[in-house]
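Source file: coords.cif (mmCIF, C-alpha atoms and all ligand atoms)
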data_work
loop_
_atom_site.group_PDB
_atom_site.id
_atom_site.type_symbol
_atom_site.label_atom_id
_atom_site.label_comp_id
_atom_site.auth_asym_id
_atom_site.auth_seq_id
_atom_site.Cartn_x
_atom_site.Cartn_y
_atom_site.Cartn_z
ATOM 1 C CA MET R 1 0.000 0.000 0.000
ATOM 2 C CA ALA R 2 1.246 3.476 -0.835
ATOM 3 C CA THR R 3 2.130 5.822 1.995
ATOM 4 C CA ARG R 4 0.208 8.994 1.469
ATOM 5 C CA ARG R 5 1.709 12.130 2.945
ATOM 6 C CA PRO R 6 -1.036 13.917 4.908
ATOM 7 C CA LEU R 7 -2.157 17.177 3.304
ATOM 8 C CA LEU R 8 -3.674 19.940 5.417
ATOM 9 C CA ALA R 9 -5.123 22.752 3.344
ATOM 10 C CA GLY R 10 -6.725 26.022 4.386
ATOM 11 C CA ASN R 11 -9.378 27.412 2.062
ATOM 12 C CA TRP R 12 -9.641 31.072 3.034
ATOM 13 C CA LYS R 13 -12.630 31.645 0.711
ATOM 14 C CA MET R 14 -13.323 35.408 0.337
ATOM 15 C CA HIS R 15 -11.252 36.400 3.371
ATOM 16 C CA GLY R 16 -7.890 38.108 3.318
ATOM 17 C CA THR R 17 -6.912 41.570 2.186
ATOM 18 C CA ARG R 18 -3.205 41.845 1.590
ATOM 19 C CA SER R 19 -2.588 43.256 5.067
ATOM 20 C CA GLU R 20 -4.684 40.503 6.678
ATOM 21 C CA THR R 21 -2.765 37.950 4.619
ATOM 22 C CA GLU R 22 0.533 39.321 5.876
ATOM 23 C CA ARG R 23 -0.637 39.135 9.483
ATOM 24 C CA LEU R 24 -2.071 35.624 9.219
ATOM 25 C CA LEU R 25 0.874 34.157 7.329
ATOM 26 C CA SER R 26 3.505 35.599 9.601
ATOM 27 C CA ALA R 27 1.669 34.137 12.616
ATOM 28 C CA LEU R 28 1.218 30.845 10.778
ATOM 29 C CA THR R 29 4.820 30.451 9.658
ATOM 30 C CA GLN R 30 5.891 31.057 13.269
ATOM 31 C CA ALA R 31 3.357 28.596 14.645
ATOM 32 C CA LEU R 32 4.346 25.950 12.093
ATOM 33 C CA GLY R 33 8.098 26.366 12.398
ATOM 34 C CA GLY R 34 8.629 22.879 13.818
ATOM 35 C CA VAL R 35 6.586 20.904 11.282
ATOM 36 C CA ASN R 36 8.583 18.447 9.201
ATOM 37 C CA PRO R 37 7.462 18.926 5.580
ATOM 38 C CA ALA R 38 8.402 15.342 4.770
ATOM 39 C CA GLN R 39 5.700 14.243 7.186
ATOM 40 C CA ARG R 40 2.893 16.621 6.341
ATOM 41 C CA GLU R 41 2.181 18.942 3.489
ATOM 42 C CA ILE R 42 0.640 22.329 4.236
ATOM 43 C CA VAL R 43 -1.306 24.379 1.696
ATOM 44 C CA VAL R 44 -3.097 27.716 1.958
ATOM 45 C CA ALA R 45 -5.574 29.130 -0.556
ATOM 46 C CA PRO R 46 -5.962 32.905 -0.194
ATOM 47 C CA PRO R 47 -8.073 34.925 -2.637
ATOM 48 C CA PHE R 48 -6.534 35.786 -6.045
ATOM 49 C CA SER R 49 -5.699 39.334 -4.966
ATOM 50 C CA ALA R 50 -3.478 38.113 -2.105
ATOM 51 C CA LEU R 51 -1.619 35.348 -3.967
ATOM 52 C CA GLU R 52 1.457 37.413 -4.838
ATOM 53 C CA THR R 53 1.724 38.684 -1.266
ATOM 54 C CA ALA R 54 1.369 35.145 0.058
ATOM 55 C CA ALA R 55 3.921 33.784 -2.433
ATOM 56 C CA ARG R 56 6.470 36.351 -1.286
ATOM 57 C CA LEU R 57 5.910 35.556 2.398
ATOM 58 C CA LEU R 58 6.007 31.796 1.874
ATOM 59 C CA ALA R 59 8.984 31.732 -0.502
ATOM 60 C CA ASP R 60 11.396 30.237 2.033
ATOM 61 C CA THR R 61 8.878 27.950 3.729
ATOM 62 C CA PRO R 62 7.500 24.532 2.805
ATOM 63 C CA ILE R 63 3.929 25.917 2.788
ATOM 64 C CA ARG R 64 2.432 25.674 -0.707
ATOM 65 C CA LEU R 65 -0.094 27.943 -2.358
ATOM 66 C CA ALA R 66 -3.423 27.057 -3.929
ATOM 67 C CA ALA R 67 -5.883 29.170 -5.887
ATOM 68 C CA GLN R 68 -9.603 28.748 -5.284
ATOM 69 C CA ASN R 69 -10.679 28.535 -8.939
ATOM 70 C CA LEU R 70 -9.459 28.999 -12.505
ATOM 71 C CA HIS R 71 -10.847 29.484 -15.992
ATOM 72 C CA TRP R 72 -10.170 26.666 -18.428
ATOM 73 C CA GLU R 73 -8.870 28.878 -21.250
ATOM 74 C CA PRO R 74 -5.279 30.102 -20.898
ATOM 75 C CA HIS R 75 -6.284 33.659 -21.955
ATOM 76 C CA GLY R 76 -9.033 35.433 -23.843
ATOM 77 C CA ALA R 77 -12.113 37.622 -23.593
ATOM 78 C CA PHE R 78 -13.468 36.291 -20.282
ATOM 79 C CA THR R 79 -13.996 39.341 -18.092
ATOM 80 C CA GLY R 80 -13.351 38.698 -14.438
ATOM 81 C CA GLU R 81 -11.695 35.310 -14.895
ATOM 82 C CA VAL R 82 -8.173 34.137 -14.036
ATOM 83 C CA SER R 83 -6.310 31.393 -15.915
ATOM 84 C CA GLY R 84 -3.951 28.576 -14.999
ATOM 85 C CA PRO R 85 -0.791 30.201 -16.411
ATOM 86 C CA MET R 86 -1.588 33.342 -14.384
ATOM 87 C CA LEU R 87 -1.947 31.295 -11.195
ATOM 88 C CA LYS R 88 1.220 29.381 -11.919
ATOM 89 C CA GLU R 89 3.104 32.645 -12.368
ATOM 90 C CA ALA R 90 1.632 33.961 -9.105
ATOM 91 C CA GLY R 91 3.222 30.996 -7.325
ATOM 92 C CA CYS R 92 0.421 28.426 -7.053
ATOM 93 C CA THR R 93 1.097 24.699 -6.922
ATOM 94 C CA TYR R 94 -2.526 23.628 -6.420
ATOM 95 C CA VAL R 95 -5.959 24.850 -7.460
ATOM 96 C CA ILE R 96 -9.233 24.057 -5.681
ATOM 97 C CA LEU R 97 -11.909 23.120 -8.235
ATOM 98 C CA GLY R 98 -15.631 22.479 -8.001
ATOM 99 C CA HIS R 99 -16.111 23.717 -4.450
ATOM 100 C CA SER R 100 -19.782 23.406 -3.486
ATOM 101 C CA GLU R 101 -20.011 27.182 -3.042
ATOM 102 C CA ARG R 102 -19.012 27.549 -6.678
ATOM 103 C CA ARG R 103 -21.485 24.874 -7.753
ATOM 104 C CA GLN R 104 -24.232 26.467 -5.633
ATOM 105 C CA TYR R 105 -23.717 30.198 -6.251
ATOM 106 C CA PHE R 106 -21.815 30.322 -9.535
ATOM 107 C CA ALA R 107 -23.529 27.590 -11.521
ATOM 108 C CA GLU R 108 -20.558 25.253 -11.800
ATOM 109 C CA THR R 109 -21.434 21.808 -13.096
ATOM 110 C CA ASP R 110 -19.669 18.474 -13.363
ATOM 111 C CA GLU R 111 -18.899 19.469 -16.945
ATOM 112 C CA SER R 112 -17.283 22.807 -16.098
ATOM 113 C CA VAL R 113 -15.340 21.127 -13.301
ATOM 114 C CA ALA R 114 -14.074 18.546 -15.822
ATOM 115 C CA ARG R 115 -12.882 21.300 -18.159
ATOM 116 C CA LYS R 116 -11.088 22.985 -15.293
ATOM 117 C CA VAL R 117 -9.429 19.750 -14.210
ATOM 118 C CA ARG R 118 -8.062 19.311 -17.762
ATOM 119 C CA ALA R 119 -6.877 22.920 -17.793
ATOM 120 C CA ALA R 120 -5.123 22.578 -14.446
ATOM 121 C CA GLN R 121 -3.293 19.498 -15.685
ATOM 122 C CA ARG R 122 -2.340 21.261 -18.932
ATOM 123 C CA ASP R 123 -1.079 24.295 -17.009
ATOM 124 C CA GLY R 124 0.945 22.353 -14.450
ATOM 125 C CA LEU R 125 -1.305 22.876 -11.430
ATOM 126 C CA LEU R 126 -2.466 20.048 -9.171
ATOM 127 C CA PRO R 127 -6.273 20.056 -8.848
ATOM 128 C CA ILE R 128 -8.005 19.618 -5.497
ATOM 129 C CA ILE R 129 -11.415 18.476 -6.743
ATOM 130 C CA CYS R 130 -14.303 19.008 -4.312
ATOM 131 C CA VAL R 131 -17.328 16.723 -4.155
ATOM 132 C CA GLY R 132 -20.122 16.442 -1.635
ATOM 133 C CA GLU R 133 -23.812 15.764 -1.154
ATOM 134 C CA SER R 134 -26.576 18.021 0.157
ATOM 135 C CA LEU R 135 -28.478 17.205 3.332
ATOM 136 C CA GLU R 136 -31.480 16.157 1.264
ATOM 137 C CA GLU R 137 -29.328 13.773 -0.769
ATOM 138 C CA ARG R 138 -27.838 12.252 2.378
ATOM 139 C CA GLU R 139 -31.233 11.818 3.995
ATOM 140 C CA SER R 140 -32.636 10.125 0.923
ATOM 141 C CA GLY R 141 -29.739 7.649 0.838
ATOM 142 C CA ALA R 142 -28.255 9.058 -2.374
ATOM 143 C CA THR R 143 -24.847 10.070 -0.980
ATOM 144 C CA LEU R 144 -22.654 7.443 -2.635
ATOM 145 C CA ALA R 145 -24.421 7.767 -5.991
ATOM 146 C CA VAL R 146 -24.009 11.550 -5.970
ATOM 147 C CA ILE R 147 -20.319 11.338 -5.095
ATOM 148 C CA ASP R 148 -19.720 8.671 -7.735
ATOM 149 C CA ARG R 149 -21.384 10.860 -10.373
ATOM 150 C CA GLN R 150 -19.329 13.897 -9.359
ATOM 151 C CA ILE R 151 -16.026 11.992 -9.451
ATOM 152 C CA ARG R 152 -16.768 10.409 -12.823
ATOM 153 C CA GLY R 153 -18.025 13.744 -14.118
ATOM 154 C CA ALA R 154 -14.856 15.549 -13.073
ATOM 155 C CA LEU R 155 -12.431 12.927 -14.339
ATOM 156 C CA GLN R 156 -14.010 11.232 -17.264
ATOM 157 C CA ASP R 157 -15.802 13.241 -19.873
ATOM 158 C CA PRO R 158 -15.327 11.335 -23.129
ATOM 159 C CA GLU R 159 -16.214 14.367 -25.209
ATOM 160 C CA LEU R 160 -13.528 16.423 -23.581
ATOM 161 C CA ASP R 161 -10.832 13.787 -23.376
ATOM 162 C CA PRO R 162 -11.308 10.430 -25.096
ATOM 163 C CA GLU R 163 -7.726 9.537 -24.171
ATOM 164 C CA LEU R 164 -8.269 9.629 -20.443
ATOM 165 C CA ASP R 165 -9.093 5.944 -20.100
ATOM 166 C CA GLN R 166 -5.703 5.092 -21.543
ATOM 167 C CA ALA R 167 -3.852 7.682 -19.504
ATOM 168 C CA PRO R 168 -4.289 7.149 -15.785
ATOM 169 C CA ALA R 169 -0.843 8.701 -15.353
ATOM 170 C CA ALA R 170 -2.459 12.054 -16.115
ATOM 171 C CA LEU R 171 -4.298 11.731 -12.843
ATOM 172 C CA THR R 172 -1.194 11.352 -10.731
ATOM 173 C CA GLY R 173 -0.987 14.010 -8.069
ATOM 174 C CA LEU R 174 -4.577 15.119 -8.108
ATOM 175 C CA VAL R 175 -6.368 15.405 -4.782
ATOM 176 C CA ILE R 176 -10.049 14.823 -4.010
ATOM 177 C CA ALA R 177 -11.801 16.627 -1.158
ATOM 178 C CA TYR R 178 -15.002 15.163 0.207
ATOM 179 C CA GLU R 179 -17.007 18.068 1.614
ATOM 180 C CA PRO R 180 -20.605 17.283 2.546
ATOM 181 C CA ILE R 181 -22.530 20.506 1.968
ATOM 182 C CA TRP R 182 -24.429 20.151 5.241
ATOM 183 C CA ALA R 183 -21.137 20.148 7.158
ATOM 184 C CA ILE R 184 -19.638 23.278 5.585
ATOM 185 C CA GLY R 185 -19.663 26.288 7.890
ATOM 186 C CA THR R 186 -22.280 24.679 10.134
ATOM 187 C CA GLY R 187 -20.109 23.406 12.983
ATOM 188 C CA ARG R 188 -21.584 19.976 12.281
ATOM 189 C CA SER R 189 -18.797 17.788 10.925
ATOM 190 C CA ALA R 190 -19.424 14.407 9.345
ATOM 191 C CA THR R 191 -18.511 11.701 11.843
ATOM 192 C CA PRO R 192 -15.278 9.800 11.194
ATOM 193 C CA ASP R 193 -17.442 6.778 10.212
ATOM 194 C CA GLN R 194 -19.485 8.797 7.723
ATOM 195 C CA ALA R 195 -16.379 10.342 6.183
ATOM 196 C CA GLN R 196 -14.485 7.040 6.041
ATOM 197 C CA GLU R 197 -17.403 5.343 4.264
ATOM 198 C CA VAL R 198 -17.450 7.975 1.523
ATOM 199 C CA HIS R 199 -13.658 8.094 1.218
ATOM 200 C CA ALA R 200 -13.493 4.323 0.727
ATOM 201 C CA ALA R 201 -16.154 4.618 -1.991
ATOM 202 C CA ILE R 202 -14.212 7.442 -3.690
ATOM 203 C CA ARG R 203 -11.077 5.315 -3.712
ATOM 204 C CA ALA R 204 -13.018 2.439 -5.266
ATOM 205 C CA THR R 205 -14.389 4.747 -7.992
ATOM 206 C CA LEU R 206 -10.898 6.094 -8.660
ATOM 207 C CA GLY R 207 -9.618 2.536 -8.915
ATOM 208 C CA SER R 208 -12.179 1.696 -11.577
ATOM 209 C CA LEU R 209 -11.448 4.896 -13.530
ATOM 210 C CA THR R 210 -7.661 4.723 -13.318
ATOM 211 C CA SER R 211 -5.696 1.884 -11.766
ATOM 212 C CA PRO R 212 -5.552 0.375 -8.285
ATOM 213 C CA ALA R 213 -2.069 1.869 -7.856
ATOM 214 C CA THR R 214 -3.236 5.383 -8.769
ATOM 215 C CA ALA R 215 -6.258 5.111 -6.483
ATOM 216 C CA ASP R 216 -4.037 3.889 -3.681
ATOM 217 C CA ALA R 217 -1.635 6.810 -4.119
ATOM 218 C CA THR R 218 -4.309 9.535 -4.399
ATOM 219 C CA ARG R 219 -4.888 11.697 -1.347
ATOM 220 C CA LEU R 220 -8.473 12.135 -0.199
ATOM 221 C CA LEU R 221 -9.199 15.096 2.082
ATOM 222 C CA TYR R 222 -12.198 15.589 4.305
ATOM 223 C CA GLY R 223 -13.697 19.095 4.604
ATOM 224 C CA GLY R 224 -16.646 20.473 6.542
ATOM 225 C CA SER R 225 -16.298 22.044 10.002
ATOM 226 C CA VAL R 226 -12.884 20.501 10.671
ATOM 227 C CA LYS R 227 -11.697 21.962 13.989
ATOM 228 C CA PRO R 228 -8.788 21.378 16.376
ATOM 229 C CA ASP R 229 -10.995 19.100 18.475
ATOM 230 C CA THR R 230 -12.320 16.972 15.592
ATOM 231 C CA VAL R 231 -9.256 16.535 13.390
ATOM 232 C CA ASP R 232 -7.535 13.732 15.325
ATOM 233 C CA ALA R 233 -10.425 11.260 15.107
ATOM 234 C CA LEU R 234 -10.933 11.999 11.403
ATOM 235 C CA MET R 235 -7.245 11.578 10.572
ATOM 236 C CA ALA R 236 -7.166 8.221 12.371
ATOM 237 C CA ARG R 237 -9.311 6.660 9.620
ATOM 238 C CA PRO R 238 -7.466 4.726 6.920
ATOM 239 C CA ASP R 239 -8.830 6.551 3.860
ATOM 240 C CA ILE R 240 -8.743 10.092 5.282
ATOM 241 C CA ASP R 241 -5.448 11.577 4.142
ATOM 242 C CA GLY R 242 -5.923 15.185 5.103
ATOM 243 C CA ALA R 243 -8.321 18.049 5.612
ATOM 244 C CA LEU R 244 -9.633 20.998 3.644
ATOM 245 C CA VAL R 245 -10.333 23.579 6.311
ATOM 246 C CA GLY R 246 -12.434 26.727 5.988
ATOM 247 C CA GLY R 247 -13.177 28.813 9.085
ATOM 248 C CA ALA R 248 -10.561 27.228 11.340
ATOM 249 C CA SER R 249 -7.805 28.021 8.813
ATOM 250 C CA LEU R 250 -8.278 31.761 9.338
ATOM 251 C CA GLN R 251 -6.674 31.647 12.761
ATOM 252 C CA ALA R 252 -3.008 30.689 12.977
ATOM 253 C CA ASP R 253 -3.292 28.771 16.250
ATOM 254 C CA SER R 254 -6.285 26.660 15.227
ATOM 255 C CA PHE R 255 -4.881 25.846 11.779
ATOM 256 C CA ALA R 256 -1.504 25.003 13.346
ATOM 257 C CA ARG R 257 -3.228 22.594 15.748
ATOM 258 C CA ILE R 258 -5.012 20.967 12.802
ATOM 259 C CA VAL R 259 -1.718 20.605 10.907
ATOM 260 C CA ASN R 260 -0.252 19.048 14.053
ATOM 261 C CA PHE R 261 -3.032 16.435 14.332
ATOM 262 C CA ARG R 262 -2.111 13.455 16.440
HETATM 263 P P1 LIG B 301 -15.575 25.087 7.099
HETATM 264 O O1 LIG B 301 -14.327 24.429 7.629
HETATM 265 O O2 LIG B 301 -15.673 26.525 7.460
HETATM 266 O O3 LIG B 301 -16.793 24.284 7.398
HETATM 267 O O4 LIG B 301 -15.414 25.100 5.475
HETATM 268 C C1 LIG B 301 -15.091 23.925 4.823
HETATM 269 C C2 LIG B 301 -14.812 24.226 3.402
HETATM 270 O O5 LIG B 301 -15.696 24.570 2.638
HETATM 271 C C3 LIG B 301 -13.414 24.126 2.937
HETATM 272 O O6 LIG B 301 -13.325 24.190 1.549
#

Transcribe the structure of this file into structure tokens.
Amino acid sequence: MATRRPLLAGNWKMHGTRSETERLLSALTQALGGVNPAQREIVVAPPFSALETAARLLADTPIRLAAQNLHWEPHGAFTGEVSGPMLKEAGCTYVILGHSERRQYFAETDESVARKVRAAQRDGLLPIICVGESLEERESGATLAVIDRQIRGALQDPELDPELDQAPAALTGLVIAYEPIWAIGTGRSATPDQAQEVHAAIRATLGSLTSPATADATRLLYGGSVKPDTVDALMARPDIDGALVGGASLQADSFARIVNFR
């Protein structure tokens, strides 16, 4: 079995002017001084406007940068959008794609997420693909079917990429984040059992789309009200390889405690 390096990522959402970014990152780099980057990978995703500031502050640290979205074209007449090459130049390693807030408020679909995944791979960014069911879907027993559809939709759109079936290597390095919508920003995390069940199903879907080795090597994050007092039990589960943290990543001490899960 592959050893998967835990990945702890902070999604700042629409928080962080440049001065706030400077304050948070200087506190965070101090708080995380003792973390061995070989043992855990740390990522922060500030808003576009703070990426350059963050890149400068993190230049000599092992903390990596993620963007929260991209447009699938490298350039063009798309007012208000930002492309992969621009994010790469700003210092990003990762890009979060298909977050439920983007699906919910900005009409993203499995198809647009698939285009963005292709673009990220083309532009040399590692996608963190978000999936997750609504409360209604969970209560009606549709969770695993919804997640399966979202994963297949993001990774396998024959119209967009007929080659994908033959090229599981293209999927190396991507990250999937399971974020149940009912757990985001609510203080009500999925239980470790609930999260583990979905993560195991995601790994099985990945195995059927790619190869058992790729599925085994792919990191699966849990997101949704991850806090210092819930992270340890989640991280103890075999298929939970990290966390995508919203609110608790905006405070250096709470995010540092999450990174230092036991
Ligand atoms: P919270 O941790 O604030 O629930 O947000 C989770 C999330 O959406 C991370 O992408």

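Of the listed residues (R:Ala9, R:Ala55, R:Ala50, R:Met86), R:Ala9 comes nearest to ligand LIG 301 (chain B); the distances count all atoms listed in the file.
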
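Using all atoms listed in the file as the basis for the distance check, residues found within 7 Å of ligand LIG 301 (chain B) are R:Asn11, R:His99, R:Glu179, R:Ala183, R:Ile184, R:Gly185, R:Thr186, R:Gly187, R:Gly223, R:Gly224, R:Ser225, R:Val226, R:Leu244, R:Val245, R:Gly246, R:Gly247, R:Ala248.
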
I'd like the residues picked by the PyMOL selection byres (((chain R and resi 177) around 8) and not hetatm) written out as a PDB file with C-alpha atoms, in the frame of the given file, using the chain letters and numbers from the file.
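Once written, selection-v3.pdb looks like this:
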ATOM      1  CA  ILE R 128      -8.005  19.618  -5.497  1.00  0.00           C
ATOM      2  CA  ILE R 129     -11.415  18.476  -6.743  1.00  0.00           C
ATOM      3  CA  CYS R 130     -14.303  19.008  -4.312  1.00  0.00           C
ATOM      4  CA  VAL R 131     -17.328  16.723  -4.155  1.00  0.00           C
ATOM      5  CA  VAL R 175      -6.368  15.405  -4.782  1.00  0.00           C
ATOM      6  CA  ILE R 176     -10.049  14.823  -4.010  1.00  0.00           C
ATOM      7  CA  TYR R 178     -15.002  15.163   0.207  1.00  0.00           C
ATOM      8  CA  GLU R 179     -17.007  18.068   1.614  1.00  0.00           C
ATOM      9  CA  LEU R 220      -8.473  12.135  -0.199  1.00  0.00           C
ATOM     10  CA  LEU R 221      -9.199  15.096   2.082  1.00  0.00           C
ATOM     11  CA  TYR R 222     -12.198  15.589   4.305  1.00  0.00           C
ATOM     12  CA  GLY R 223     -13.697  19.095   4.604  1.00  0.00           C
ATOM     13  CA  ALA R 243      -8.321  18.049   5.612  1.00  0.00           C
ATOM     14  CA  LEU R 244      -9.633  20.998   3.644  1.00  0.00           C
TER      15      LEU R 244
END

Env of Pro212 in chain R: 12 Å cut, atoms = all atoms listed in the file, seq-sep filter 3 positions within chain, self excluded. Answer as a PyMOL selection string. chain R and resi 1-2+168-169+203-209+215-218

So, with all atoms listed in the file as the atoms that count, which of R:Leu135, R:Leu171, R:Val95, R:Leu32 lies closest to Leu58 in chain R?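 Among the listed residues, the smallest separation from Leu58 in chain R belongs to R:Leu32.
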
Enter the distance from CA of Pro46 in chain R to CA of Asp239 in chain R, in Å, rounded to one decimal.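 Going from CA of Pro46 in chain R over to CA of Asp239 in chain R, I get 26.8 Å.
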
Quick one: everything within 10 Å of Asp193 in chain R, counting only C-alpha atoms, minus sequence neighbours fewer than 6 positions away in the same chain. Send it as a PDB file with C-alpha atoms, in the coordinates of the input.
ATOM      1  CA  HIS R 199     -13.658   8.094   1.218  1.00  0.00           C
ATOM      2  CA  ALA R 233     -10.425  11.260  15.107  1.00  0.00           C
ATOM      3  CA  LEU R 234     -10.933  11.999  11.403  1.00  0.00           C
ATOM      4  CA  ARG R 237      -9.311   6.660   9.620  1.00  0.00           C
TER       5      ARG R 237
END

Find the spatial neighbours of range 23-26 of chain R, counting only C-alpha atoms, within a cut-off of 9 Å - ignore same-chain residues fewer than 3 positions away - and output them as a count of residues only. 13

Residues near Gln39 in chain R, cut-off 12 Å, only C-alpha atoms, skip fewer than 3 positions along chain, as a count of residues only: 16

Pick the closest to Phe255 in chain R from R:Phe78, R:Val231, R:Thr191, R:Gln121: which is it, counting all atoms listed in the file? R:Val231

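One finds CA of Gly10 in chain R at 14.1 Å from CA of Asn69 in chain R.
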
Residue nearest Ile181 in chain R - candidates R:Ile147, R:Cys92, R:Ile240, R:Ile202, atoms counted: all atoms listed in the file: R:Ile147

One number please: CA of Pro37 in chain R to CA of Ala213 in chain R, in Å, one decimal.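 For CA of Pro37 in chain R relative to CA of Ala213 in chain R, the distance reads 23.7 Å.
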
Across R:Leu126, R:Pro228, R:Pro238, R:Gln194, the smallest distance to Asp253 in chain R, with all atoms listed in the file counted, is shown by R:Pro228

Please provide as a VMD selection string all residues within 9 Å of His71 in chain R, with the sequence filter that same-chain residues fewer than 5 positions apart are discarded (counting only C-alpha atoms). chain R and resid 78 81 to 84 115 to 116 119

All heavy atoms for range 43-50 of chain R, written as a short mmCIF file (atom, residue, chain, number, x, y, z; two decimals), keeping the file's coordinate frame, could you do that?
data_model
loop_
_atom_site.label_atom_id
_atom_site.label_comp_id
_atom_site.auth_asym_id
_atom_site.auth_seq_id
_atom_site.Cartn_x
_atom_site.Cartn_y
_atom_site.Cartn_z
N VAL R 43 -0.91 23.55 2.83
CA VAL R 43 -1.31 24.38 1.70
C VAL R 43 -2.25 25.46 2.20
O VAL R 43 -3.10 25.19 3.06
CB VAL R 43 -2.02 23.50 0.63
CG1 VAL R 43 -2.65 24.36 -0.46
CG2 VAL R 43 -1.06 22.49 0.01
N VAL R 44 -2.09 26.68 1.68
CA VAL R 44 -3.10 27.72 1.96
C VAL R 44 -3.63 28.27 0.64
O VAL R 44 -2.89 28.36 -0.34
CB VAL R 44 -2.56 28.88 2.83
CG1 VAL R 44 -2.24 28.39 4.24
CG2 VAL R 44 -1.35 29.55 2.20
N ALA R 45 -4.92 28.61 0.65
CA ALA R 45 -5.57 29.13 -0.56
C ALA R 45 -6.20 30.49 -0.27
O ALA R 45 -7.38 30.59 0.06
CB ALA R 45 -6.64 28.15 -1.04
N PRO R 46 -5.40 31.55 -0.36
CA PRO R 46 -5.96 32.90 -0.19
C PRO R 46 -6.70 33.32 -1.47
O PRO R 46 -6.59 32.64 -2.49
CB PRO R 46 -4.72 33.79 0.00
CG PRO R 46 -3.53 32.88 0.02
CD PRO R 46 -3.96 31.59 -0.60
N PRO R 47 -7.42 34.43 -1.42
CA PRO R 47 -8.07 34.92 -2.64
C PRO R 47 -7.03 35.34 -3.69
O PRO R 47 -5.87 35.59 -3.35
CB PRO R 47 -8.86 36.16 -2.17
CG PRO R 47 -8.71 36.24 -0.70
CD PRO R 47 -7.67 35.28 -0.25
N PHE R 48 -7.45 35.42 -4.95
CA PHE R 48 -6.53 35.79 -6.04
C PHE R 48 -5.68 37.01 -5.71
O PHE R 48 -4.49 37.04 -5.96
CB PHE R 48 -7.33 36.13 -7.32
CG PHE R 48 -8.00 34.97 -7.96
CD1 PHE R 48 -9.28 35.11 -8.50
CD2 PHE R 48 -7.36 33.75 -8.09
CE1 PHE R 48 -9.91 34.05 -9.13
CE2 PHE R 48 -7.98 32.67 -8.71
CZ PHE R 48 -9.26 32.83 -9.23
N SER R 49 -6.37 38.04 -5.15
CA SER R 49 -5.70 39.33 -4.97
C SER R 49 -4.58 39.27 -3.93
O SER R 49 -3.76 40.19 -3.86
CB SER R 49 -6.73 40.38 -4.56
OG SER R 49 -7.48 39.89 -3.47
N ALA R 50 -4.52 38.22 -3.13
CA ALA R 50 -3.48 38.11 -2.10
C ALA R 50 -2.43 37.06 -2.46
O ALA R 50 -1.51 36.82 -1.67
CB ALA R 50 -4.11 37.80 -0.75
#
